[in-house]
Amino acid sequence: MMQAMITTAYGSPEVFKLNQVAEPTVKPNEIRVRIKAAAVTKACTMMRTGKPYIGRLFTGLPKPKHRISGTGFAGVVDAVGAEVTRFKVGDSVFGENIASFGTYAQFVRVPEDGVVAHMPDALNYDAAAGMCDGGVTSLNFLKNLGEIKAGQKVLINGASGSLGSAAVQIAKHYGAEVVGVCGPSNVDFVKSLGADSVIDYTKVNFAETGNKYDLIYDTVGVRSFGDCKVALTDSGRYVSPVLGGAILGAMVYTSIFGKKKAMFSATGALPQKEIKRLLEELVDIIEAGHLQGYVDRSYPLQQLADAHKYVDMGHKRGNVVVVPSL
Ligand SMILES: NC(=O)c1ccc[n+]([C@@H]2O[C@H](COP(=O)([O-])OP(=O)(O)OC[C@H]3O[C@@H](n4cnc5c(N)ncnc54)[C@H](OP(=O)(O)O)[C@@H]3O)[C@@H](O)[C@H]2O)c1
């Protein structure tokens, strides 16, 4: 038996209940991972609340289809199926169990060809678990949507969060000049990530400075394309991972009219092969020494509700993880 946090309904952080359930057993193409750390992300809180409601098409109607939630993990392989060739017992791995969730537990089973990779030596388990969601998503937005290039001027709004802290480092890896935007308590942190300059959003409205950017990545979705248009170069792009009517409308409109573009993507809905490819590229960036994972808080698994409450506040610095007991 193993400890797991079970959910049977959408709702507040109190929906999670600690329970004893059967340990997962592997199918021939799967590995079982003893979890050392699991990420608690904004996406996790959306899955917990079932809002926006459209997300329930994927997470279950009228209640969560997976009793054990959580997708980001890092840990040690402790069993492998008969057909597995890429991993062996004892390997340290990290990834996103997008298809079947289940990481708020002591063990999870993951398909060998899922979004899972060997953990780079430079990361510890907490940093690795926290890194996947923000790192993979920001790579998708900067590279695939933003088509980032060396020498471009790139602005990252929400530069101190999970997506933002990864984005600043990834944009620097690509050779961009990076301006980070965050609140006053995070200015030094964003500088330490490598941003060339930092704007405190409580003092300066970046869209009103007269500076122009080739790419604006609004990780927290608090500024619209309409707001940012004036701060884009003639063929600049505004990309944001936060779904809403405004970004979808702007995306459709700018796909037909004008050279400035607005773009959205649901990274988790990309084909698994593509997400896996993004994770592999992330590993290359980490191994090049250009990307570190930052953990704001680490909670015992039993305190998952407290971790969710903290993430819900919208001011985490980097990432939050939960750690199961041994
Ligand atoms: N579409 C996709 O593929 C996809 C994938 C993953 C996540 N997402 C979404 O991406 C969003 C961001 O996720 P996240 O985990 O990076 O969020 P997060 O870590 O919770 O972001 C927190 C950070 O945002 C900063 N912030 C808060 N208000 C701000 C403002 N008005 N202006 C600038 N910065 C501000 C905070 O800095 P201060 O404390 O200094 O204010 C804090 O460091 C979420 O809505 C999530 O659901 C989408």
# chains A, B, ... in the order shown; residues from 1 in each chain; ligands from 1
$ residues_around --residues "A:Ala231" --least-positions-apart "2" --cutoff "8 Å" --atoms "only C-alpha atoms" --output "PDB file with C-alpha atoms, in the first residue's frame"
ATOM      1  CA  PHE A 206       6.188  48.836 -19.459  1.00  0.00           C
ATOM      2  CA  ALA A 207       3.860  49.590 -22.367  1.00  0.00           C
ATOM      3  CA  GLU A 208       4.206  53.333 -21.761  1.00  0.00           C
ATOM      4  CA  GLY A 210       8.375  54.075 -25.499  1.00  0.00           C
ATOM      5  CA  ASN A 211      10.543  50.923 -25.719  1.00  0.00           C
ATOM      6  CA  LYS A 212       9.645  48.357 -28.396  1.00  0.00           C
ATOM      7  CA  TYR A 213       9.983  44.591 -28.131  1.00  0.00           C
ATOM      8  CA  CYS A 228       0.909  45.713 -25.425  1.00  0.00           C
ATOM      9  CA  LYS A 229       0.516  46.472 -29.151  1.00  0.00           C
ATOM     10  CA  THR A 233       7.996  46.249 -33.072  1.00  0.00           C
TER      11      THR A 233
END
$ closest_atom_pairs --of "chain A" --to "ligand 1" --cutoff "7 Å" --atoms "only C-alpha atoms and all ligand atoms" --output "CSV"
residue,atom,partner,partner_atom_place_in_ligand_line,distance
A:Thr41,CA,ligand 1,15 (O),5.4
A:Lys42,CA,ligand 1,47 (O),4.6
A:Ala43,CA,ligand 1,47 (O),4.6
A:Met46,CA,ligand 1,47 (O),6.9
A:Asp133,CA,ligand 1,6 (C),5.9
A:Gly134,CA,ligand 1,16 (O),6.2
A:Thr137,CA,ligand 1,5 (C),5.3
A:Asn157,CA,ligand 1,33 (C),5.1
A:Gly158,CA,ligand 1,34 (N),3.3
A:Ala159,CA,ligand 1,34 (N),6.5
A:Ser160,CA,ligand 1,43 (O),3.9
A:Gly161,CA,ligand 1,19 (O),3.3
A:Ser162,CA,ligand 1,16 (O),3.8
A:Leu163,CA,ligand 1,16 (O),3.7
A:Gly164,CA,ligand 1,16 (O),5.6
A:Val181,CA,ligand 1,33 (C),5.6
A:Cys182,CA,ligand 1,34 (N),4.4
A:Gly183,CA,ligand 1,40 (O),3.2
A:Pro184,CA,ligand 1,40 (O),6.0
A:Ser185,CA,ligand 1,40 (O),5.8
A:Asn186,CA,ligand 1,40 (O),5.0
A:Tyr201,CA,ligand 1,32 (N),5.8
A:Thr219,CA,ligand 1,12 (C),5.1
A:Val220,CA,ligand 1,12 (C),4.5
A:Gly221,CA,ligand 1,45 (O),6.8
A:Val222,CA,ligand 1,31 (N),5.7
A:Pro241,CA,ligand 1,1 (N),3.6
A:Val242,CA,ligand 1,45 (O),5.0
A:Leu243,CA,ligand 1,1 (N),6.7
A:Phe264,CA,ligand 1,1 (N),6.8
A:Ser265,CA,ligand 1,1 (N),5.3
A:Ala266,CA,ligand 1,3 (O),3.9
A:Thr267,CA,ligand 1,3 (O),3.6
A:Gly268,CA,ligand 1,3 (O),5.8
A:Val311,CA,ligand 1,20 (O),5.9
A:Gly314,CA,ligand 1,20 (O),4.1
A:His315,CA,ligand 1,42 (C),3.8
A:Lys316,CA,ligand 1,22 (C),4.9
A:Arg317,CA,ligand 1,43 (O),4.4
A:Gly318,CA,ligand 1,19 (O),5.9
A:Asn319,CA,ligand 1,19 (O),6.6
$ write_last_selection --atoms "C-alpha atoms" --output "mmCIF file, in the first residue's frame"
data_model
loop_
_atom_site.group_PDB
_atom_site.id
_atom_site.type_symbol
_atom_site.label_atom_id
_atom_site.label_comp_id
_atom_site.auth_asym_id
_atom_site.auth_seq_id
_atom_site.Cartn_x
_atom_site.Cartn_y
_atom_site.Cartn_z
ATOM 1 C CA THR A 41 1.421 24.505 -10.182
ATOM 2 C CA LYS A 42 -1.249 26.950 -11.330
ATOM 3 C CA ALA A 43 -2.368 24.218 -13.718
ATOM 4 C CA MET A 46 -7.153 24.695 -12.222
ATOM 5 C CA ASP A 133 5.712 22.724 -16.188
ATOM 6 C CA GLY A 134 7.320 26.171 -16.322
ATOM 7 C CA THR A 137 5.665 25.662 -21.334
ATOM 8 C CA ASN A 157 5.883 39.768 -17.800
ATOM 9 C CA GLY A 158 5.584 37.795 -14.534
ATOM 10 C CA ALA A 159 9.327 37.066 -14.714
ATOM 11 C CA SER A 160 9.547 35.739 -11.138
ATOM 12 C CA GLY A 161 6.913 32.995 -11.397
ATOM 13 C CA SER A 162 7.223 29.417 -12.498
ATOM 14 C CA LEU A 163 6.916 30.095 -16.238
ATOM 15 C CA GLY A 164 8.622 33.487 -15.980
ATOM 16 C CA VAL A 181 8.721 42.526 -15.205
ATOM 17 C CA CYS A 182 7.825 41.649 -11.586
ATOM 18 C CA GLY A 183 6.861 43.189 -8.255
ATOM 19 C CA PRO A 184 9.310 45.049 -5.953
ATOM 20 C CA SER A 185 10.227 42.047 -3.777
ATOM 21 C CA ASN A 186 11.377 40.034 -6.799
ATOM 22 C CA TYR A 201 5.204 46.778 -12.352
ATOM 23 C CA THR A 219 3.246 34.604 -18.523
ATOM 24 C CA VAL A 220 0.552 35.723 -16.070
ATOM 25 C CA GLY A 221 -1.946 37.037 -18.648
ATOM 26 C CA VAL A 222 -2.556 40.332 -16.881
ATOM 27 C CA PRO A 241 -0.396 31.040 -21.852
ATOM 28 C CA VAL A 242 -3.497 32.292 -20.000
ATOM 29 C CA LEU A 243 -6.682 31.318 -21.824
ATOM 30 C CA PHE A 264 -1.898 31.228 -27.389
ATOM 31 C CA SER A 265 -1.206 27.512 -27.061
ATOM 32 C CA ALA A 266 -2.307 24.832 -24.575
ATOM 33 C CA THR A 267 1.038 23.105 -24.094
ATOM 34 C CA GLY A 268 -0.448 20.122 -22.271
ATOM 35 C CA VAL A 311 0.006 28.742 -5.146
ATOM 36 C CA GLY A 314 -0.483 34.060 -7.393
ATOM 37 C CA HIS A 315 2.828 35.311 -5.980
ATOM 38 C CA LYS A 316 5.078 32.276 -5.800
ATOM 39 C CA ARG A 317 8.711 32.833 -6.676
ATOM 40 C CA GLY A 318 9.738 30.022 -9.029
ATOM 41 C CA ASN A 319 8.171 26.715 -8.030
#
$ residues_around --residues "A:Gly194" --least-positions-apart "6" --cutoff "9 Å" --atoms "only C-alpha atoms" --output "list in words"
Val168, Gln169, Lys172 and Val178 of chain A
$ residues_around --residues "A:Pro52" --least-positions-apart "3" --cutoff "12 Å" --atoms "only C-alpha atoms" --output "PDB file with N, CA and C atoms, in the first residue's frame"
ATOM      1  N   TYR A  10     -14.435  18.459  -7.357  1.00  0.00           N
ATOM      2  CA  TYR A  10     -13.758  19.744  -7.566  1.00  0.00           C
ATOM      3  C   TYR A  10     -14.019  20.645  -6.365  1.00  0.00           C
ATOM      4  N   ALA A  43      -1.567  25.195 -12.963  1.00  0.00           N
ATOM      5  CA  ALA A  43      -2.368  24.218 -13.718  1.00  0.00           C
ATOM      6  C   ALA A  43      -2.997  23.211 -12.740  1.00  0.00           C
ATOM      7  N   THR A  45      -3.932  23.853  -9.718  1.00  0.00           N
ATOM      8  CA  THR A  45      -5.059  24.481  -9.024  1.00  0.00           C
ATOM      9  C   THR A  45      -6.274  24.582  -9.960  1.00  0.00           C
ATOM     10  N   MET A  46      -6.024  24.708 -11.268  1.00  0.00           N
ATOM     11  CA  MET A  46      -7.153  24.695 -12.222  1.00  0.00           C
ATOM     12  C   MET A  46      -7.794  23.314 -12.257  1.00  0.00           C
ATOM     13  N   MET A  47      -6.950  22.287 -12.205  1.00  0.00           N
ATOM     14  CA  MET A  47      -7.493  20.917 -12.212  1.00  0.00           C
ATOM     15  C   MET A  47      -8.271  20.640 -10.928  1.00  0.00           C
ATOM     16  N   ARG A  48      -7.823  21.240  -9.809  1.00  0.00           N
ATOM     17  CA  ARG A  48      -8.509  21.040  -8.527  1.00  0.00           C
ATOM     18  C   ARG A  48      -9.887  21.707  -8.524  1.00  0.00           C
ATOM     19  N   THR A  49      -9.944  22.939  -9.076  1.00  0.00           N
ATOM     20  CA  THR A  49     -11.207  23.682  -9.033  1.00  0.00           C
ATOM     21  C   THR A  49     -12.144  23.300 -10.182  1.00  0.00           C
ATOM     22  N   GLY A  55     -12.110  23.202 -19.144  1.00  0.00           N
ATOM     23  CA  GLY A  55     -11.046  22.250 -18.813  1.00  0.00           C
ATOM     24  C   GLY A  55     -11.600  20.892 -18.384  1.00  0.00           C
ATOM     25  N   ARG A  56     -12.865  20.875 -17.918  1.00  0.00           N
ATOM     26  CA  ARG A  56     -13.448  19.617 -17.431  1.00  0.00           C
ATOM     27  C   ARG A  56     -13.650  18.607 -18.564  1.00  0.00           C
ATOM     28  N   LEU A  57     -13.622  19.112 -19.802  1.00  0.00           N
ATOM     29  CA  LEU A  57     -13.702  18.181 -20.938  1.00  0.00           C
ATOM     30  C   LEU A  57     -12.510  17.223 -20.887  1.00  0.00           C
ATOM     31  N   PHE A  58     -11.378  17.702 -20.320  1.00  0.00           N
ATOM     32  CA  PHE A  58     -10.175  16.869 -20.222  1.00  0.00           C
ATOM     33  C   PHE A  58     -10.042  16.233 -18.839  1.00  0.00           C
ATOM     34  N   THR A  59     -10.474  16.969 -17.781  1.00  0.00           N
ATOM     35  CA  THR A  59     -10.204  16.478 -16.426  1.00  0.00           C
ATOM     36  C   THR A  59     -11.384  15.705 -15.822  1.00  0.00           C
ATOM     37  N   VAL A 242      -2.280  32.230 -20.827  1.00  0.00           N
ATOM     38  CA  VAL A 242      -3.497  32.292 -20.000  1.00  0.00           C
ATOM     39  C   VAL A 242      -4.719  32.440 -20.916  1.00  0.00           C
ATOM     40  N   LEU A 243      -5.546  31.401 -20.908  1.00  0.00           N
ATOM     41  CA  LEU A 243      -6.682  31.318 -21.824  1.00  0.00           C
ATOM     42  C   LEU A 243      -7.778  32.305 -21.432  1.00  0.00           C
ATOM     43  N   GLY A 244      -8.349  32.951 -22.445  1.00  0.00           N
ATOM     44  CA  GLY A 244      -9.469  33.865 -22.211  1.00  0.00           C
ATOM     45  C   GLY A 244      -9.990  34.330 -23.560  1.00  0.00           C
ATOM     46  N   GLY A 245     -11.167  34.953 -23.519  1.00  0.00           N
ATOM     47  CA  GLY A 245     -11.789  35.421 -24.757  1.00  0.00           C
ATOM     48  C   GLY A 245     -10.918  36.428 -25.486  1.00  0.00           C
TER      49      GLY A 245
END
$ select_by_dssp --residues "stretch 80-207 of chain A" --states "alpha helix (DSSP H)" --output "count of residues only"
33
$ select_by_dssp --residues "stretch 235-296 of chain A" --states "strand (DSSP E or B)" --output "MDAnalysis selection string"
chainID A and resid 235:239 261:263 295:296
$ residues_around --residues "A:Ser298" --least-positions-apart "4" --cutoff "6 Å" --atoms "only C-alpha atoms" --output "PyMOL selection string"
chain A and resi 320-322
$ write_last_selection --atoms "N, CA and C atoms" --output "PDB file, in the first residue's frame"
ATOM      1  N   VAL A 320       6.785  25.481  -6.492  1.00  0.00           N
ATOM      2  CA  VAL A 320       6.372  24.895  -5.212  1.00  0.00           C
ATOM      3  C   VAL A 320       6.254  23.379  -5.424  1.00  0.00           C
ATOM      4  N   VAL A 321       6.734  22.608  -4.436  1.00  0.00           N
ATOM      5  CA  VAL A 321       6.649  21.147  -4.559  1.00  0.00           C
ATOM      6  C   VAL A 321       6.115  20.532  -3.257  1.00  0.00           C
ATOM      7  N   VAL A 322       5.617  19.301  -3.379  1.00  0.00           N
ATOM      8  CA  VAL A 322       5.286  18.502  -2.196  1.00  0.00           C
ATOM      9  C   VAL A 322       6.161  17.241  -2.216  1.00  0.00           C
TER      10      VAL A 322
END
$ residues_around --residues "A:Arg277" --least-positions-apart "6" --cutoff "10 Å" --atoms "only C-alpha atoms" --output "number ranges by chain"
A: 115, 136, 283
$ atom_distance --atom1 "atom CA of A:Val33" --atom2 "atom CA of A:Val110"
7.5 Å
$ residues_around --residues "A:Ser224" --least-positions-apart "6" --cutoff "9 Å" --atoms "only C-alpha atoms" --output "list in words"
Asp218, Tyr238, Ser240, Ala246, Ile247 and Ala250 of chain A
$ closest_residue --among "A:Gly75, A:Pro24, A:Pro64, A:Gly70" --to "A:Asp126" --atoms "only C-alpha atoms"
A:Gly75
